[in-house]
$ cat work_31.cif   # mmCIF, C-alpha atoms
data_start
loop_
_atom_site.label_atom_id
_atom_site.label_comp_id
_atom_site.auth_asym_id
_atom_site.auth_seq_id
_atom_site.Cartn_x
_atom_site.Cartn_y
_atom_site.Cartn_z
CA MET K 3 44.88 151.93 112.47
CA GLY K 4 46.63 155.20 111.55
CA MET K 5 49.33 155.58 108.94
CA ALA K 6 49.16 152.62 106.60
CA ALA K 7 52.37 150.63 106.44
CA ALA K 8 52.25 150.79 102.65
CA GLU K 9 52.63 154.59 102.67
CA TRP K 10 55.80 154.79 104.72
CA LYS K 11 59.00 153.96 102.89
CA PHE K 12 62.55 153.89 104.18
CA HIS K 13 64.12 157.00 102.73
CA VAL K 14 67.70 156.81 101.52
CA LEU K 15 69.81 159.76 100.44
CA ALA K 16 72.33 158.53 97.86
CA VAL K 17 75.42 160.60 97.11
CA ASP K 18 77.61 159.90 94.06
CA ASP K 19 79.31 162.14 91.50
CA SER K 20 78.97 159.49 88.80
CA LEU K 21 75.78 159.71 86.77
CA VAL K 22 75.85 156.02 85.88
CA ASP K 23 76.36 154.98 89.51
CA ARG K 24 73.61 157.31 90.70
CA LYS K 25 71.19 155.69 88.31
CA LEU K 26 72.30 152.26 89.44
CA ILE K 27 72.10 152.88 93.19
CA GLU K 28 68.73 154.55 92.74
CA ARG K 29 67.33 151.47 91.00
CA LEU K 30 68.93 149.10 93.48
CA LEU K 31 67.35 150.99 96.37
CA GLN K 32 63.95 151.20 94.65
CA LYS K 33 64.09 147.47 94.05
CA SER K 34 64.73 147.10 97.78
CA SER K 35 61.53 149.06 98.50
CA CYS K 36 63.22 152.29 99.50
CA GLN K 37 62.32 155.84 98.68
CA VAL K 38 65.40 157.40 97.08
CA THR K 39 66.83 160.88 96.70
CA THR K 40 70.07 161.19 94.76
CA VAL K 41 72.53 164.09 94.83
CA ASP K 42 75.86 164.46 93.07
CA SER K 43 78.02 165.88 95.88
CA GLY K 44 78.55 165.99 99.62
CA TYR K 45 77.67 169.68 99.60
CA LYS K 46 74.32 168.99 97.98
CA ALA K 47 73.73 166.22 100.50
CA LEU K 48 74.31 168.58 103.42
CA GLU K 49 72.14 171.18 101.74
CA PHE K 50 69.35 168.66 101.30
CA LEU K 51 69.57 167.73 104.95
CA GLY K 52 69.36 171.37 105.94
CA LEU K 53 72.99 171.81 106.91
CA ARG K 54 73.68 174.76 104.66
CA GLN K 55 77.34 175.38 103.85
CA GLY K 56 78.27 172.65 106.25
CA ILE K 57 77.33 174.83 109.20
CA GLU K 58 74.51 173.57 111.32
CA SER K 59 71.83 176.17 111.65
CA ASN K 60 70.53 176.88 115.14
CA ASP K 61 67.89 179.13 113.71
CA PRO K 62 64.59 177.21 113.80
CA THR K 63 63.18 179.24 110.93
CA ALA K 64 66.14 178.27 108.74
CA LEU K 65 65.39 174.58 109.32
CA SER K 66 61.77 175.03 108.46
CA THR K 67 62.70 176.50 105.10
CA SER K 68 65.23 173.79 104.34
CA PRO K 69 64.51 171.70 101.24
CA GLN K 70 64.20 168.57 103.31
CA GLU K 71 60.53 167.78 103.70
CA VAL K 72 60.95 164.09 104.31
CA GLU K 73 63.01 162.46 106.99
CA VAL K 74 66.18 160.74 105.77
CA ASN K 75 66.64 157.29 107.29
CA LEU K 76 70.00 156.37 105.79
CA ILE K 77 72.74 157.99 103.76
CA ILE K 78 74.77 156.01 101.25
CA THR K 79 77.72 157.79 99.72
CA ASP K 80 80.56 157.20 97.29
CA TYR K 81 84.00 157.62 98.80
CA CYS K 82 85.91 159.20 95.91
CA MET K 83 84.25 162.47 95.02
CA PRO K 84 85.81 165.76 94.02
CA GLY K 85 85.76 168.49 96.67
CA MET K 86 84.12 166.77 99.61
CA THR K 87 84.89 163.06 99.78
CA GLY K 88 82.49 160.54 101.24
CA TYR K 89 84.73 160.41 104.29
CA ASP K 90 84.52 164.21 104.71
CA LEU K 91 80.75 163.97 104.48
CA LEU K 92 80.71 161.17 107.04
CA LYS K 93 82.75 163.25 109.46
CA LYS K 94 80.47 166.27 109.05
CA LEU K 95 77.40 164.15 109.69
CA LYS K 96 78.87 162.53 112.80
CA GLU K 97 79.86 165.96 114.11
CA SER K 98 76.28 167.14 113.80
CA SER K 99 74.10 166.62 116.86
CA VAL K 100 71.07 166.44 114.61
CA PHE K 101 72.33 163.96 112.03
CA LYS K 102 74.91 161.83 113.82
CA ASN K 103 72.39 159.07 114.38
CA ILE K 104 71.50 158.61 110.73
CA PRO K 105 73.30 155.47 109.56
CA VAL K 106 75.89 156.13 106.86
CA VAL K 107 77.12 153.61 104.32
CA ILE K 108 80.26 154.20 102.25
CA MET K 109 80.75 152.81 98.73
CA SER K 110 84.05 152.55 96.91
CA SER K 111 85.39 150.96 93.76
CA GLU K 112 88.73 150.45 95.48
CA ASN K 113 89.42 147.81 98.09
CA VAL K 114 91.77 149.67 100.41
CA PRO K 115 91.72 148.12 103.91
CA ALA K 116 93.04 151.28 105.57
CA ARG K 117 90.28 153.29 103.92
CA ILE K 118 87.62 150.82 105.00
CA SER K 119 88.73 150.73 108.64
CA ARG K 120 89.04 154.51 108.75
CA CYS K 121 85.44 154.87 107.60
CA LEU K 122 84.13 152.28 110.01
CA GLU K 123 86.05 153.91 112.85
CA GLU K 124 84.54 157.25 111.98
CA GLY K 125 81.11 155.69 112.39
CA ALA K 126 80.08 154.30 109.02
CA GLU K 127 77.72 151.36 109.41
CA GLU K 128 78.82 149.49 106.31
CA PHE K 129 81.33 149.66 103.51
CA PHE K 130 80.19 148.41 100.10
CA LEU K 131 82.61 147.59 97.31
CA LYS K 132 81.44 148.76 93.90
CA PRO K 133 79.74 147.70 91.81
CA VAL K 134 77.07 147.46 94.48
CA ARG K 135 74.65 144.58 94.04
CA LEU K 136 71.15 143.81 95.28
CA ALA K 137 72.57 141.25 97.71
CA ASP K 138 74.67 143.99 99.37
CA LEU K 139 71.54 145.99 100.09
CA ASN K 140 70.22 143.10 102.17
CA LYS K 141 72.63 144.34 104.81
CA LEU K 142 70.42 147.40 105.11
CA LYS K 143 67.32 145.38 105.98
CA PRO K 144 67.99 145.39 109.77
CA HIS K 145 68.23 149.20 109.67
CA MET K 146 65.00 149.35 107.69
CA MET K 147 63.18 147.03 110.08
CA ARG K 148 64.40 148.91 113.11
CA THR K 149 63.23 152.28 111.75
CA LYS K 150 59.92 150.85 110.63
CA LEU K 151 59.24 149.30 114.03
CA LYS K 152 60.35 152.48 115.78
CA ASN K 153 57.93 154.53 113.68
CA GLN K 154 55.14 152.09 114.35
CA LYS K 155 55.82 152.23 118.04
CA LEU K 156 55.89 156.04 118.02
CA GLU K 157 52.57 156.03 116.26
CA GLU K 158 51.06 153.63 118.74
CA ILE K 159 52.18 155.91 121.54
CA GLU K 160 50.60 158.87 119.77
CA ASN K 161 47.38 156.99 119.19
CA GLY K 162 47.37 155.54 122.66
CA THR K 163 47.32 152.05 121.22
CA GLU K 164 50.75 151.14 122.51
CA ALA K 165 51.14 147.47 123.34
CA VAL K 166 53.87 145.76 125.23
CA GLU K 167 56.56 144.76 122.75
CA PRO K 168 59.75 142.82 123.08
CA GLU K 169 62.99 144.78 123.08
CA ILE K 170 64.36 145.33 119.61
CA LYS K 171 68.11 144.99 119.48
CA GLY K 172 69.90 147.97 118.03
CA SER K 173 72.57 147.59 115.39
CA GLU K 174 75.12 148.71 117.98
CA ASP K 175 74.51 145.47 119.84
CA MET K 176 74.84 143.45 116.68
CA GLY K 177 78.18 144.94 115.75
CA ILE K 178 79.07 146.66 112.54
CA LYS K 179 80.39 143.98 110.27
CA ILE K 180 78.61 140.71 109.91
CA LEU K 181 74.98 140.73 110.90
CA PRO K 182 73.04 137.51 111.55
CA LEU K 183 71.14 137.86 108.33
CA GLN K 184 70.67 134.22 107.43
CA SER K 185 67.85 133.72 109.91
CA GLU K 186 66.15 136.93 108.84
CA LEU K 187 66.39 136.42 105.14
CA GLU K 188 63.47 135.34 103.06
CA PRO K 189 64.31 132.51 100.64
CA LYS K 190 64.45 134.96 97.71
CA GLN K 191 67.16 137.00 99.40
CA VAL K 192 69.20 133.91 100.18
CA HIS K 193 69.12 133.08 96.51
CA LEU K 194 70.20 136.60 95.64
CA GLN K 195 73.32 136.14 97.74
CA VAL K 196 74.00 132.72 96.30
CA VAL K 197 73.45 134.10 92.80
CA LYS K 198 76.17 136.65 93.45
CA GLN K 199 78.58 133.93 94.54
CA GLU K 200 77.53 131.87 91.54
CA GLU K 201 78.14 134.73 89.19
CA GLU K 202 81.55 135.41 90.63
CA THR K 203 82.41 131.75 90.16
CA LEU K 204 80.99 131.97 86.65
CA SER K 205 83.14 134.86 85.64
CA ASN K 206 86.16 133.07 87.04
CA ASN K 207 85.38 129.86 85.26
CA LYS K 208 84.24 131.47 82.08
CA ARG K 209 86.29 129.26 79.81
CA LYS K 210 85.39 126.01 81.46
CA SER K 211 83.26 123.67 79.46
CA MET K 212 79.53 123.53 80.00
CA GLU K 213 78.34 121.98 83.17
CA GLU K 214 75.05 122.66 84.84
CA GLY K 215 73.33 125.67 83.35
CA LEU K 216 72.60 128.63 85.58
CA SER K 217 69.43 130.40 84.70
CA THR K 218 69.23 134.02 85.65
CA ASP K 219 65.74 134.75 84.49
CA ARG K 220 63.33 136.57 86.71
CA PRO K 221 61.69 135.73 89.09
CA LEU K 222 64.45 134.08 91.04
CA PRO K 223 62.49 131.11 92.43
CA ARG K 224 63.47 129.32 89.23
CA LEU K 225 66.97 128.95 90.64
CA GLU K 226 65.79 127.03 93.66
CA GLY K 227 66.37 123.67 92.07
CA GLY K 228 69.56 124.59 90.31
CA ILE K 229 71.66 126.14 93.07
CA ALA K 230 72.82 123.02 94.79
CA THR K 231 74.05 121.37 91.64
CA ALA K 232 75.46 124.41 89.88
CA VAL K 233 78.40 124.84 92.24
CA MET T 9 62.56 135.96 60.60
CA GLU T 10 60.55 133.83 62.96
CA LEU T 11 60.16 134.99 66.53
CA ALA T 12 61.75 131.89 68.03
CA GLN T 13 64.70 132.30 65.69
CA MET T 14 65.15 135.93 66.72
CA GLN T 15 65.06 134.97 70.37
CA LYS T 16 67.64 132.26 69.81
CA SER T 17 69.84 134.75 67.93
CA LEU T 18 69.63 137.17 70.81
CA GLN T 19 70.56 134.50 73.32
CA ASP T 20 73.50 133.32 71.25
CA TYR T 21 74.66 136.86 70.67
CA THR T 22 74.49 137.74 74.34
CA LYS T 23 76.26 134.55 75.31
CA SER T 24 79.07 135.32 72.88
CA LEU T 25 79.60 138.71 74.53
CA PHE T 26 80.13 136.99 77.87
CA LEU T 27 82.41 134.35 76.39
CA GLU T 28 84.53 137.00 74.71
CA GLY T 29 84.76 138.86 78.00
CA VAL T 30 83.20 141.97 76.51
CA LEU T 31 80.56 141.82 79.24
CA ASP T 32 80.81 140.36 82.72
CA SER T 33 78.26 139.29 85.34
CA GLN T 34 77.56 142.88 86.37
CA PHE T 35 75.57 143.20 83.13
CA LEU T 36 73.35 140.39 84.40
CA GLN T 37 72.82 142.37 87.58
CA LEU T 38 71.54 145.24 85.44
CA GLN T 39 69.13 142.91 83.68
CA GLN T 40 67.84 141.69 87.01
CA LEU T 41 66.99 145.26 87.95
CA GLN T 42 64.80 145.60 84.88
CA ASP T 43 61.14 144.67 85.29
CA GLU T 44 57.64 145.71 84.24
CA SER T 45 57.89 148.91 86.28
CA ASN T 46 61.27 149.75 84.73
CA PRO T 47 61.25 148.03 81.34
CA ASP T 48 64.01 150.16 79.81
CA PHE T 49 66.39 150.30 82.73
CA VAL T 50 69.30 148.56 81.04
CA SER T 51 69.22 150.67 77.90
CA GLN T 52 68.81 153.82 80.04
CA VAL T 53 71.89 153.10 82.14
CA VAL T 54 73.89 152.02 79.13
CA THR T 55 72.91 155.22 77.29
CA LEU T 56 74.14 157.25 80.26
CA PHE T 57 77.36 155.25 80.11
CA PHE T 58 77.81 156.09 76.43
CA GLN T 59 77.20 159.80 77.02
CA ASP T 60 79.53 159.86 80.01
CA SER T 61 82.25 157.92 78.22
CA ASP T 62 82.13 160.03 75.05
CA ARG T 63 82.73 163.08 77.20
CA ILE T 64 85.53 161.48 79.23
CA LEU T 65 87.34 160.12 76.16
CA ASN T 66 87.18 163.56 74.60
CA ASP T 67 88.63 165.17 77.74
CA LEU T 68 91.34 162.51 77.88
CA SER T 69 92.36 163.14 74.29
CA LEU T 70 92.64 166.85 74.99
CA SER T 71 94.59 166.33 78.21
CA LEU T 72 97.09 163.96 76.62
CA ASP T 73 97.60 166.27 73.65
CA GLN T 74 98.89 169.08 75.86
CA GLN T 75 102.53 170.07 75.63
CA VAL T 76 102.95 169.21 79.27
CA VAL T 77 100.59 166.47 80.35
CA ASP T 78 98.94 167.09 83.70
CA PHE T 79 98.49 163.60 85.13
CA LYS T 80 96.52 165.04 88.01
CA LYS T 81 93.86 165.74 85.42
CA VAL T 82 94.28 162.54 83.41
CA ASP T 83 94.05 160.03 86.25
CA PRO T 84 90.66 161.10 87.67
CA HIS T 85 89.15 160.79 84.19
CA VAL T 86 90.46 157.26 83.80
CA HIS T 87 89.29 156.43 87.32
CA GLN T 88 85.84 157.68 86.42
CA LEU T 89 85.71 155.64 83.23
CA LYS T 90 86.97 152.59 85.06
CA GLY T 91 84.16 153.02 87.58
CA SER T 92 81.33 153.48 85.14
CA SER T 93 82.46 150.67 82.84
CA SER T 94 82.70 148.40 85.86
CA SER T 95 79.19 149.42 86.92
CA ILE T 96 77.63 148.30 83.65
CA GLY T 97 79.75 145.21 83.18
CA ALA T 98 81.94 146.46 80.32
CA GLN T 99 84.80 144.26 81.45
CA ARG T 100 87.36 144.89 78.73
CA VAL T 101 86.95 148.66 78.96
CA LYS T 102 87.44 148.41 82.71
CA ASN T 103 90.56 146.27 82.34
CA ALA T 104 92.01 148.67 79.78
CA CYS T 105 91.45 151.49 82.28
CA VAL T 106 93.30 149.58 84.98
CA VAL T 107 96.36 149.33 82.72
CA PHE T 108 95.96 152.97 81.76
CA ARG T 109 95.99 154.06 85.40
CA SER T 110 99.23 152.21 86.13
CA PHE T 111 100.94 154.13 83.32
CA CYS T 112 99.45 157.37 84.62
CA GLU T 113 101.11 156.58 87.92
CA GLN T 114 104.42 156.15 86.11
CA GLN T 115 103.73 159.39 84.23
CA ASN T 116 104.60 157.61 81.00
CA VAL T 117 103.09 159.84 78.30
CA GLU T 118 103.75 157.57 75.35
CA ALA T 119 102.33 154.52 77.07
CA CYS T 120 99.31 156.57 78.09
CA HIS T 121 98.66 157.49 74.50
CA ARG T 122 98.71 153.81 73.60
CA CYS T 123 96.42 153.06 76.53
CA LEU T 124 93.97 155.66 75.39
CA GLN T 125 93.82 154.03 71.98
CA GLN T 126 93.26 150.67 73.60
CA VAL T 127 90.48 152.03 75.82
CA LYS T 128 88.83 153.69 72.84
CA GLN T 129 89.01 150.45 70.89
CA GLU T 130 87.39 148.45 73.66
CA TYR T 131 84.81 151.14 74.21
CA TYR T 132 83.73 151.31 70.59
CA LEU T 133 83.58 147.53 70.54
CA VAL T 134 81.23 147.25 73.54
CA LYS T 135 79.21 150.20 72.29
CA ASN T 136 78.74 148.52 68.94
CA ARG T 137 77.85 145.18 70.49
CA LEU T 138 75.36 146.64 72.96
CA GLU T 139 73.67 148.72 70.27
CA THR T 140 73.26 145.53 68.24
CA LEU T 141 71.91 143.74 71.30
CA PHE T 142 69.32 146.42 71.92
CA LYS T 143 68.28 146.34 68.25
CA LEU T 144 67.73 142.59 68.47
CA GLU T 145 65.62 143.11 71.58
CA GLN T 146 63.58 145.80 69.89
CA GLN T 147 62.89 143.54 66.91
CA ILE T 148 61.63 140.84 69.21
CA VAL T 149 59.40 143.20 71.16
CA ALA T 150 58.10 144.73 67.92
CA SER T 151 57.12 141.26 66.77
CA GLY T 152 55.10 140.85 69.92
CA GLY T 153 57.61 138.55 71.58
CA MET T 154 59.26 138.52 74.99
CA ILE T 155 62.95 138.94 75.65
CA PRO T 156 64.19 135.46 76.57
CA ALA T 157 65.78 134.98 79.94
CA MET T 158 69.53 134.65 79.94
CA GLU T 159 70.64 131.05 80.12
CA LEU T 160 74.26 130.80 81.09
CA GLY T 161 75.68 127.42 80.40
CA PHE T 162 79.31 128.16 80.98
#
$ encode --input "work_31.cif" --output "structure tokens"
Amino acid sequence: MGMAAAEWKFHVLAVDDSLVDRKLIERLLQKSSCQVTTVDSGYKALEFLGLRQGIESNDPTALSTSPQEVEVNLIITDYCMPGMTGYDLLKKLKESSVFKNIPVVIMSSENVPARISRCLEEGAEEFFLKPVRLADLNKLKPHMMRTKLKNQKLEEIENGTEAVEPEIKGSEDMGIKILPLQSELEPKQVHLQVVKQEEETLSNNKRKSMEEGLSTDRPLPRLEGGIATAV
Amino acid sequence: MELAQMQKSLQDYTKSLFLEGVLDSQFLQLQQLQDESNPDFVSQVVTLFFQDSDRILNDLSLSLDQQVVDFKKVDPHVHQLKGSSSSIGAQRVKNACVVFRSFCEQQNVEACHRCLQQVKQEYYLVKNRLETLFKLEQQIVASGGMIPAMELGF
């Protein structure tokens, strides 16, 4: 059939100056079946992408010697970083004709509405509040599916095995904020989201007396029976 | 000690950390990221947290001991510690950092010194507790047992 689906992985470039957070986002992304590259600054991110010193190279030989061997499908970056902030990086990427179409996600530990809207206005796809959780990464699934299908289609064209396929809606049509994920989610992912809500309720009601127990053991299917009653 | 007893001890110990507010639900998130392919994930991240925090607390002590305290240097350190403690679920360290930052904003040197002591106290507490937790886990694994799943009944 050509390139096996198992070989291709959605490649995310994660940018964060915090060592702990880099480790965390790397694991979160791996758990979500992504290939991950982590860097500790916006400068390193641009370097990895081949945009040396923030200046896009028009020299084709320069691009061929760039460290980037694998295509980057999404960039997720911390907002607060010394030197180049996540917002600065976002701007540079959107100014680049080569990279402006790579979706960018901003992460921040601070819930500042003005900051969030500024990032979204500048073209960020999503804004995640830290600490980022597995359930948050479900918002990336539409991007992953779209890229995967696009690659498959490109391959079919190359192989001459192209079939007629229904139009795939782009994320632009779906809007930035809330995506219709419920219908797309597998049961496990629904439980992940509910677990997050459960845990937030748990930490709020920490001192309440015992009610229904909430088991958090893996795999998650064990929660299926408990969710409805644990609220 | 019998395996079942060790497992029960671990569960009770972990539960107590949540009840005392030393750890919050983010720690559970870390545990969920651990699996057969990454069996040491939690201890790896926590170790990074310890290394990072030791360095930050050292820098903070130095910064606050200066004749003239440069809050532009102090605040980013506290922000960083707040972030990493939040990421691993060290709730009381995080909360102490939040208080610390508000005094940084007020440029209150004396209060900041007290805050640093408070942060250090909470940090050494969670460090001690987590090291104990990992030891308990190691004992169980060494005895051929499995780490019991977290049962939260509160």
$ atom_distance --input "work_31.cif" --atom1 "atom CA of Gln59 of chain T" --atom2 "atom CA of Ala98 of chain T"
14.5 Å
$ interface_residues --input "work_31.cif" --of "chain T" --to "chain K" --cutoff "10 Å" --atoms "only C-alpha atoms" --output "PyMOL selection string"
chain T and resi 26-29+31-34+36-43+46+49-50+52-60+84+87-97+156-162
$ residues_around --input "work_31.cif" --residues "segment 123-138 of chain T" --least-positions-apart "4" --cutoff "6 Å" --atoms "only C-alpha atoms" --output "MDAnalysis selection string"
chainID T and resid 101 104 108
$ atom_distance --input "work_31.cif" --atom1 "atom CA of Gln15 of chain T" --atom2 "atom CA of Gln99 of chain T"
24.5 Å
$ residues_around --input "work_31.cif" --residues "Cys36 of chain K" --least-positions-apart "2" --cutoff "6 Å" --atoms "only C-alpha atoms" --output "list in words"
Lys11, Phe12, His13, Leu31, Gln32 and Ser34 of chain K
$ closest_residue --input "work_31.cif" --among "T:Lys23, T:Arg63, T:Lys143, T:Lys81" --to "Gln115 of chain T" --atoms "only C-alpha atoms"
T:Lys81
$ residues_around --input "work_31.cif" --residues "Arg117 of chain K" --least-positions-apart "4" --cutoff "12 Å" --atoms "all atoms listed in the file" --output "list in words"
Tyr81, Cys82, Thr87, Gly88, Tyr89, Ile108, Met109, Ser110, Ser111, Glu112, Asn113, Cys121, Leu122, Glu123, Glu124, Ala126, Phe129, Phe130 and Leu131 of chain K
$ atom_distance --input "work_31.cif" --atom1 "atom CA of Asp42 of chain K" --atom2 "atom CA of Glu113 of chain T"
26.9 Å
$ decode --input "work_31.cif" --residues "segment 84-145 of chain T" --atoms "C-alpha atoms" --output "PDB file, in the first residue's frame"
ATOM      1  CA  PRO T  84      11.241  35.017  37.977  1.00  0.00           C
ATOM      2  CA  HIS T  85      12.811  32.425  40.284  1.00  0.00           C
ATOM      3  CA  VAL T  86       9.669  32.212  42.389  1.00  0.00           C
ATOM      4  CA  HIS T  87       7.554  32.074  39.234  1.00  0.00           C
ATOM      5  CA  GLN T  88       9.655  29.181  37.995  1.00  0.00           C
ATOM      6  CA  LEU T  89       9.339  27.294  41.266  1.00  0.00           C
ATOM      7  CA  LYS T  90       5.626  27.948  41.348  1.00  0.00           C
ATOM      8  CA  GLY T  91       5.347  26.479  37.863  1.00  0.00           C
ATOM      9  CA  SER T  92       7.352  23.342  38.456  1.00  0.00           C
ATOM     10  CA  SER T  93       5.739  22.587  41.812  1.00  0.00           C
ATOM     11  CA  SER T  94       2.343  23.020  40.190  1.00  0.00           C
ATOM     12  CA  SER T  95       3.370  20.652  37.394  1.00  0.00           C
ATOM     13  CA  ILE T  96       4.144  17.801  39.769  1.00  0.00           C
ATOM     14  CA  GLY T  97       1.284  18.429  42.161  1.00  0.00           C
ATOM     15  CA  ALA T  98       3.287  19.832  45.085  1.00  0.00           C
ATOM     16  CA  GLN T  99       0.347  21.949  46.180  1.00  0.00           C
ATOM     17  CA  ARG T 100       1.693  23.496  49.364  1.00  0.00           C
ATOM     18  CA  VAL T 101       4.947  24.533  47.715  1.00  0.00           C
ATOM     19  CA  LYS T 102       2.946  26.124  44.917  1.00  0.00           C
ATOM     20  CA  ASN T 103       0.705  27.990  47.355  1.00  0.00           C
ATOM     21  CA  ALA T 104       3.702  29.236  49.309  1.00  0.00           C
ATOM     22  CA  CYS T 105       5.140  30.561  46.040  1.00  0.00           C
ATOM     23  CA  VAL T 106       1.926  32.426  45.282  1.00  0.00           C
ATOM     24  CA  VAL T 107       2.194  34.259  48.610  1.00  0.00           C
ATOM     25  CA  PHE T 108       5.884  34.855  47.989  1.00  0.00           C
ATOM     26  CA  ARG T 109       5.175  36.480  44.632  1.00  0.00           C
ATOM     27  CA  SER T 110       2.667  38.919  46.107  1.00  0.00           C
ATOM     28  CA  PHE T 111       5.323  40.144  48.551  1.00  0.00           C
ATOM     29  CA  CYS T 112       7.823  40.402  45.709  1.00  0.00           C
ATOM     30  CA  GLU T 113       5.345  42.679  43.988  1.00  0.00           C
ATOM     31  CA  GLN T 114       5.213  44.828  47.117  1.00  0.00           C
ATOM     32  CA  GLN T 115       9.013  44.721  47.268  1.00  0.00           C
ATOM     33  CA  ASN T 116       8.776  43.783  50.935  1.00  0.00           C
ATOM     34  CA  VAL T 117      12.206  42.337  51.731  1.00  0.00           C
ATOM     35  CA  GLU T 118      11.443  41.145  55.240  1.00  0.00           C
ATOM     36  CA  ALA T 119       8.242  39.409  54.208  1.00  0.00           C
ATOM     37  CA  CYS T 120      10.101  37.819  51.315  1.00  0.00           C
ATOM     38  CA  HIS T 121      12.648  36.374  53.686  1.00  0.00           C
ATOM     39  CA  ARG T 122       9.822  34.832  55.689  1.00  0.00           C
ATOM     40  CA  CYS T 123       8.244  33.544  52.496  1.00  0.00           C
ATOM     41  CA  LEU T 124      11.466  31.921  51.454  1.00  0.00           C
ATOM     42  CA  GLN T 125      11.609  30.087  54.764  1.00  0.00           C
ATOM     43  CA  GLN T 126       8.030  28.966  54.300  1.00  0.00           C
ATOM     44  CA  VAL T 127       8.701  27.748  50.764  1.00  0.00           C
ATOM     45  CA  LYS T 128      11.791  25.880  51.920  1.00  0.00           C
ATOM     46  CA  GLN T 129       9.810  24.263  54.715  1.00  0.00           C
ATOM     47  CA  GLU T 130       7.085  23.075  52.367  1.00  0.00           C
ATOM     48  CA  TYR T 131       9.643  21.935  49.843  1.00  0.00           C
ATOM     49  CA  TYR T 132      11.625  19.834  52.297  1.00  0.00           C
ATOM     50  CA  LEU T 133       8.366  18.369  53.545  1.00  0.00           C
ATOM     51  CA  VAL T 134       7.172  17.219  50.104  1.00  0.00           C
ATOM     52  CA  LYS T 135      10.670  16.051  49.234  1.00  0.00           C
ATOM     53  CA  ASN T 136      10.804  13.943  52.359  1.00  0.00           C
ATOM     54  CA  ARG T 137       7.334  12.519  51.802  1.00  0.00           C
ATOM     55  CA  LEU T 138       7.927  11.666  48.156  1.00  0.00           C
ATOM     56  CA  GLU T 139      11.258  10.013  48.919  1.00  0.00           C
ATOM     57  CA  THR T 140       9.457   7.869  51.492  1.00  0.00           C
ATOM     58  CA  LEU T 141       6.745   7.080  48.960  1.00  0.00           C
ATOM     59  CA  PHE T 142       9.263   5.949  46.373  1.00  0.00           C
ATOM     60  CA  LYS T 143      11.031   3.795  48.965  1.00  0.00           C
ATOM     61  CA  LEU T 144       7.754   2.081  49.810  1.00  0.00           C
ATOM     62  CA  GLU T 145       7.164   1.448  46.117  1.00  0.00           C
TER      63      GLU T 145
END
